[in-house]
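Enquirer: Dropping a structure here in structure tokens format, bear with me for questions.
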Amino acid sequence: MWIREPSVTIEHFKLALAALSIRERRQYDTRHTYATMCLMAGMNPAFIANQLGHSVEMLLSTYAKWISSSSDWRELEKLPTRV
């Protein structure tokens, strides 16, 4: 139960960042990092959206700028317009 307390997880997170020499950031920002890294690696947007609890539309409207290659855009054009 203690892991659900934000004060506990925040403290452990800050200690881990310091140990890894990573600048301090919010825990929530790790979601953005994850989504960006997945898209840059060419992972399936539907899979990423599901992992984050988003719709594909929400994922793409937020993170589309990280899709950089022309092949990525060709893949996205296969999605129905309503997705």
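Note on naming: chains are A, B, ... as they come in the structure tokens, residues start from 1 per chain, ligands start from 1 in the order shown.
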Show which residues sit within 10 Å of Thr62 (chain A), as a tab-separated table (two decimals) with all heavy atoms, in the first residue's frame. Count only C-alpha atoms, and ignore same-chain residues fewer than 5 positions away.
Expert:
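Result file follows (result_19.tsv):
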chain	number	residue	atom	x	y	z
A	32	HIS	N	5.84	10.92	-21.49
A	32	HIS	CA	6.20	11.62	-22.72
A	32	HIS	C	7.49	11.04	-23.31
A	32	HIS	O	7.59	10.85	-24.52
A	32	HIS	CB	6.36	13.12	-22.47
A	32	HIS	CG	5.13	13.77	-21.96
A	32	HIS	ND1	3.93	13.77	-22.65
A	32	HIS	CD2	4.88	14.44	-20.81
A	32	HIS	CE1	3.01	14.41	-21.96
A	32	HIS	NE2	3.56	14.83	-20.83
A	35	ALA	N	6.60	7.60	-24.88
A	35	ALA	CA	5.87	7.74	-26.14
A	35	ALA	C	6.79	8.22	-27.26
A	35	ALA	O	6.77	7.69	-28.38
A	35	ALA	CB	4.70	8.71	-25.98
A	36	THR	N	7.61	9.20	-26.97
A	36	THR	CA	8.53	9.75	-27.97
A	36	THR	C	9.54	8.71	-28.42
A	36	THR	O	9.78	8.54	-29.63
A	36	THR	CB	9.25	10.98	-27.38
A	36	THR	OG1	8.28	11.94	-26.99
A	36	THR	CG2	10.19	11.59	-28.39
A	56	VAL	N	-5.53	6.44	-30.63
A	56	VAL	CA	-4.47	6.69	-31.61
A	56	VAL	C	-4.50	8.16	-32.02
A	56	VAL	O	-3.46	8.80	-32.17
A	56	VAL	CB	-4.61	5.76	-32.84
A	56	VAL	CG1	-3.59	6.13	-33.91
A	56	VAL	CG2	-4.46	4.31	-32.43
A	57	GLU	N	-5.70	8.72	-32.15
A	57	GLU	CA	-5.83	10.13	-32.53
A	57	GLU	C	-5.15	11.04	-31.51
A	57	GLU	O	-4.41	11.95	-31.88
A	57	GLU	CB	-7.31	10.49	-32.65
A	57	GLU	CG	-7.55	11.92	-33.05
A	57	GLU	CD	-9.03	12.22	-33.17
A	57	GLU	OE1	-9.76	12.02	-32.17
A	57	GLU	OE2	-9.44	12.65	-34.25
Enquirer: Quick one: pull the distance between CA of Leu59 (chain A) and CA of Arg31 (chain A), Å, one decimal.
Expert: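 These atoms are spaced 11.4 Å apart.
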Enquirer: Which residue out of A:Glu24, A:Glu5, A:Asp29, A:Glu75 has the minimum interatomic distance to Asn44 (chain A) when only C-alpha atoms are used?
Expert: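 Looking at the shortest contact to Asn44 (chain A), the residue is A:Glu75.
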Enquirer: Between A:Thr33, A:Gln27, A:Ser61, A:Ser55, which has the minimum distance to Phe13 (chain A) (counting only C-alpha atoms)?
Expert: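 Among A:Thr33, A:Gln27, A:Ser61, A:Ser55, it is A:Gln27 that comes nearest to Phe13 (chain A).
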Enquirer: Which residue out of A:Leu17, A:Val8, A:Leu52, A:Arg23 has the minimum interatomic distance to Cys38 (chain A) when only C-alpha atoms are used?
Expert: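 Selected residue with least distance to Cys38 (chain A): A:Leu52.
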Enquirer: Report the distance between CA of Lys65 (chain A) and CA of Leu39 (chain A) in Å, rounded to one decimal place.
Expert: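 Those two atoms sit 9.6 Å apart.
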Enquirer: Which value, in Å to one decimal, gives the distance between CA of His54 (chain A) and CA of Ile10 (chain A)?
Expert: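 Result for CA of His54 (chain A) versus CA of Ile10 (chain A): 24.0 Å, one decimal.
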Enquirer: Write out as an MDAnalysis selection string the set of residues from region 14-80 of chain A that DSSP, computed on the backbone, places in helix (DSSP H, G or I).
Expert: chainID A and resid 14:19 29:40 45:52 56:66 70:77
